[in-house]
Amino acid sequence: MDKMGPVQVVGLCGSLRKYSYNGMLLARALFYAKLKGAECIRYPSEHLILPLLNEDSLLDGVPLVVRNLKQIVGNADVLFIATPEYNHSISGVLKNALDWISYKGNPLEGKVAGIMGASTGQFGTVRAQIHLRQILSALGVHVIEKPQLFVPYAAQAFRDDGSLSDHHLETIIEQLVDICLLNAQGKK
Ligand SMILES: Cc1cc2nc3c(=O)[nH]c(=O)nc-3n(C[C@H](O)[C@H](O)[C@H](O)COP(=O)(O)O)c2cc1C
């Protein structure tokens, strides 16, 4: 990690959908992070289409696509992770990616994470984010506690310009970004 340079942010989205609401939410968080001087990479969701982790098939080593992912998140100071809620938990895509990232050396130890989620239901990924926090804490990630960012009724939540129609939610995104960046600066 560069001690002097801008905070490095990597954004991951746990949905593979082209017009994913979580992708839109992640884009909004990255918009604010860039505005505040961070260097941001949005990890392409299609690169999260990884083989399912099977320790029996690892005799040839960790696949290149996984090594790239581990390197990119390892270079980050802050992770933004936007999770969809599938059956009250995170997506299989995201869980598989996190398992791979942690395999054979965990590059996430000590990273700051801002987690968020959008769902079409009324709870806005509350239940998925409880699971995501638990997984990230197993990986030694410093997940920001507050504010918590839940976007319910996601199909109605976004304006055409990518902003949230609920002003309160926009404020929460910006606050979460600020706290993530401040925490990361404090660790530099
Ligand atoms: C398999 C599956 C399970 C789902 N389970 C939930 C759920 O538990 N709670 C919820 O609010 N929405 C649930 N949904 C609806 C998602 O919130 C919705 O599909 C959302 O658009 C997914 O996020 P995305 O737009 O980023 O892909 C589920 C969708 C799928 C496909």
# chains A, B, ... in the order shown; residues from 1 in each chain; ligands from 1
$ closest_atom_pairs --of "chain A" --to "ligand 1" --cutoff "7 Å" --atoms "only C-alpha atoms and all ligand atoms" --output "JSON lines"
{"residue": "A:Ser15", "atom": "CA", "partner": "ligand 1", "partner_atom_place_in_ligand_line": "27 (O)", "distance": 4.7}
{"residue": "A:Leu16", "atom": "CA", "partner": "ligand 1", "partner_atom_place_in_ligand_line": "27 (O)", "distance": 6.6}
{"residue": "A:Arg17", "atom": "CA", "partner": "ligand 1", "partner_atom_place_in_ligand_line": "27 (O)", "distance": 5.1}
{"residue": "A:Tyr19", "atom": "CA", "partner": "ligand 1", "partner_atom_place_in_ligand_line": "25 (O)", "distance": 6.7}
{"residue": "A:Ser20", "atom": "CA", "partner": "ligand 1", "partner_atom_place_in_ligand_line": "25 (O)", "distance": 3.7}
{"residue": "A:Tyr21", "atom": "CA", "partner": "ligand 1", "partner_atom_place_in_ligand_line": "25 (O)", "distance": 3.9}
{"residue": "A:Asn22", "atom": "CA", "partner": "ligand 1", "partner_atom_place_in_ligand_line": "26 (O)", "distance": 3.8}
{"residue": "A:Gly23", "atom": "CA", "partner": "ligand 1", "partner_atom_place_in_ligand_line": "26 (O)", "distance": 6.0}
{"residue": "A:Pro84", "atom": "CA", "partner": "ligand 1", "partner_atom_place_in_ligand_line": "23 (O)", "distance": 4.4}
{"residue": "A:Glu85", "atom": "CA", "partner": "ligand 1", "partner_atom_place_in_ligand_line": "7 (C)", "distance": 4.9}
{"residue": "A:Tyr86", "atom": "CA", "partner": "ligand 1", "partner_atom_place_in_ligand_line": "5 (N)", "distance": 3.5}
{"residue": "A:Asn87", "atom": "CA", "partner": "ligand 1", "partner_atom_place_in_ligand_line": "8 (O)", "distance": 3.4}
{"residue": "A:His88", "atom": "CA", "partner": "ligand 1", "partner_atom_place_in_ligand_line": "8 (O)", "distance": 3.8}
{"residue": "A:Ser89", "atom": "CA", "partner": "ligand 1", "partner_atom_place_in_ligand_line": "8 (O)", "distance": 6.7}
{"residue": "A:Ala118", "atom": "CA", "partner": "ligand 1", "partner_atom_place_in_ligand_line": "23 (O)", "distance": 6.3}
{"residue": "A:Ser119", "atom": "CA", "partner": "ligand 1", "partner_atom_place_in_ligand_line": "17 (O)", "distance": 3.4}
{"residue": "A:Thr120", "atom": "CA", "partner": "ligand 1", "partner_atom_place_in_ligand_line": "17 (O)", "distance": 4.3}
{"residue": "A:Gly121", "atom": "CA", "partner": "ligand 1", "partner_atom_place_in_ligand_line": "11 (O)", "distance": 3.6}
{"residue": "A:Gln122", "atom": "CA", "partner": "ligand 1", "partner_atom_place_in_ligand_line": "11 (O)", "distance": 6.3}
{"residue": "A:Phe123", "atom": "CA", "partner": "ligand 1", "partner_atom_place_in_ligand_line": "11 (O)", "distance": 6.0}
{"residue": "A:Gly124", "atom": "CA", "partner": "ligand 1", "partner_atom_place_in_ligand_line": "11 (O)", "distance": 5.8}
{"residue": "A:Thr125", "atom": "CA", "partner": "ligand 1", "partner_atom_place_in_ligand_line": "11 (O)", "distance": 5.9}
{"residue": "A:Ala154", "atom": "CA", "partner": "ligand 1", "partner_atom_place_in_ligand_line": "21 (O)", "distance": 6.9}
$ closest_residue --among "A:Leu182, A:Leu35, A:Val93, A:Leu108" --to "Val10 in chain A" --atoms "only C-alpha atoms"
A:Leu108
$ select_by_dssp --residues "range 7-168 of chain A" --states "alpha helix (DSSP H)" --output "PyMOL selection string"
chain A and resi 21-35+64-74+92-102+126-138+167-168
$ atom_distance --atom1 "CA of Leu12 in chain A" --atom2 "CA of Leu94 in chain A"
8.6 Å
$ residues_around --residues "Val78 in chain A" --least-positions-apart "5" --cutoff "10 Å" --atoms "only C-alpha atoms" --output "JSON, numbers by chain"
{"A": [7, 8, 9, 10, 11, 38, 40, 73, 108, 110, 111, 112, 113, 114, 141, 142, 143, 177, 180, 181, 183, 184, 185]}
$ closest_atom_pairs --of "range 61-155 of chain A" --to "range 42-51 of chain A" --cutoff "9 Å" --atoms "only C-alpha atoms" --output "JSON lines"
{"residue": "A:Pro63", "atom": "CA", "partner": "A:Pro51", "partner_atom": "CA", "distance": 8.6}
{"residue": "A:Val65", "atom": "CA", "partner": "A:His47", "partner_atom": "CA", "distance": 7.3}
{"residue": "A:Val66", "atom": "CA", "partner": "A:Leu50", "partner_atom": "CA", "distance": 7.3}
{"residue": "A:Leu69", "atom": "CA", "partner": "A:His47", "partner_atom": "CA", "distance": 8.3}
{"residue": "A:Ile72", "atom": "CA", "partner": "A:Tyr43", "partner_atom": "CA", "distance": 8.4}
{"residue": "A:Val93", "atom": "CA", "partner": "A:Leu48", "partner_atom": "CA", "distance": 6.8}
{"residue": "A:Leu94", "atom": "CA", "partner": "A:Leu48", "partner_atom": "CA", "distance": 7.7}
{"residue": "A:Asn96", "atom": "CA", "partner": "A:Leu50", "partner_atom": "CA", "distance": 7.7}
{"residue": "A:Ala97", "atom": "CA", "partner": "A:Leu48", "partner_atom": "CA", "distance": 6.4}
{"residue": "A:Trp100", "atom": "CA", "partner": "A:Leu50", "partner_atom": "CA", "distance": 8.6}
$ write_last_selection --atoms "N, CA, C and O atoms" --output "mmCIF file, in the first residue's frame"
data_model
loop_
_atom_site.group_PDB
_atom_site.id
_atom_site.type_symbol
_atom_site.label_atom_id
_atom_site.label_comp_id
_atom_site.auth_asym_id
_atom_site.auth_seq_id
_atom_site.Cartn_x
_atom_site.Cartn_y
_atom_site.Cartn_z
ATOM 1 N N PRO A 63 -6.224 -20.781 -10.016
ATOM 2 C CA PRO A 63 -6.402 -20.288 -11.392
ATOM 3 C C PRO A 63 -5.961 -18.822 -11.542
ATOM 4 O O PRO A 63 -6.052 -18.035 -10.592
ATOM 5 N N VAL A 65 -7.288 -16.312 -13.061
ATOM 6 C CA VAL A 65 -8.349 -15.325 -12.835
ATOM 7 C C VAL A 65 -8.507 -15.047 -11.338
ATOM 8 O O VAL A 65 -8.800 -13.914 -10.917
ATOM 9 N N VAL A 66 -8.270 -16.062 -10.528
ATOM 10 C CA VAL A 66 -8.355 -15.889 -9.071
ATOM 11 C C VAL A 66 -7.127 -15.133 -8.563
ATOM 12 O O VAL A 66 -7.237 -14.240 -7.709
ATOM 13 N N LEU A 69 -7.659 -11.523 -9.183
ATOM 14 C CA LEU A 69 -8.618 -10.964 -8.225
ATOM 15 C C LEU A 69 -7.945 -10.743 -6.874
ATOM 16 O O LEU A 69 -8.091 -9.679 -6.254
ATOM 17 N N ILE A 72 -5.663 -7.701 -7.056
ATOM 18 C CA ILE A 72 -6.366 -6.410 -7.119
ATOM 19 C C ILE A 72 -6.958 -6.044 -5.759
ATOM 20 O O ILE A 72 -6.792 -4.912 -5.286
ATOM 21 N N VAL A 93 -22.313 -16.363 -6.135
ATOM 22 C CA VAL A 93 -21.181 -15.759 -6.862
ATOM 23 C C VAL A 93 -20.243 -15.038 -5.889
ATOM 24 O O VAL A 93 -19.020 -15.210 -5.927
ATOM 25 N N LEU A 94 -20.834 -14.251 -5.009
ATOM 26 C CA LEU A 94 -20.020 -13.474 -4.059
ATOM 27 C C LEU A 94 -19.357 -14.396 -3.035
ATOM 28 O O LEU A 94 -18.184 -14.225 -2.700
ATOM 29 N N ASN A 96 -18.538 -17.544 -3.382
ATOM 30 C CA ASN A 96 -17.462 -18.302 -4.034
ATOM 31 C C ASN A 96 -16.230 -17.409 -4.238
ATOM 32 O O ASN A 96 -15.096 -17.835 -4.002
ATOM 33 N N ALA A 97 -16.483 -16.153 -4.631
ATOM 34 C CA ALA A 97 -15.355 -15.227 -4.832
ATOM 35 C C ALA A 97 -14.619 -14.978 -3.516
ATOM 36 O O ALA A 97 -13.381 -14.985 -3.475
ATOM 37 N N TRP A 100 -12.554 -17.983 -2.603
ATOM 38 C CA TRP A 100 -11.333 -18.023 -3.418
ATOM 39 C C TRP A 100 -10.311 -16.986 -2.942
ATOM 40 O O TRP A 100 -9.118 -17.268 -2.845
#
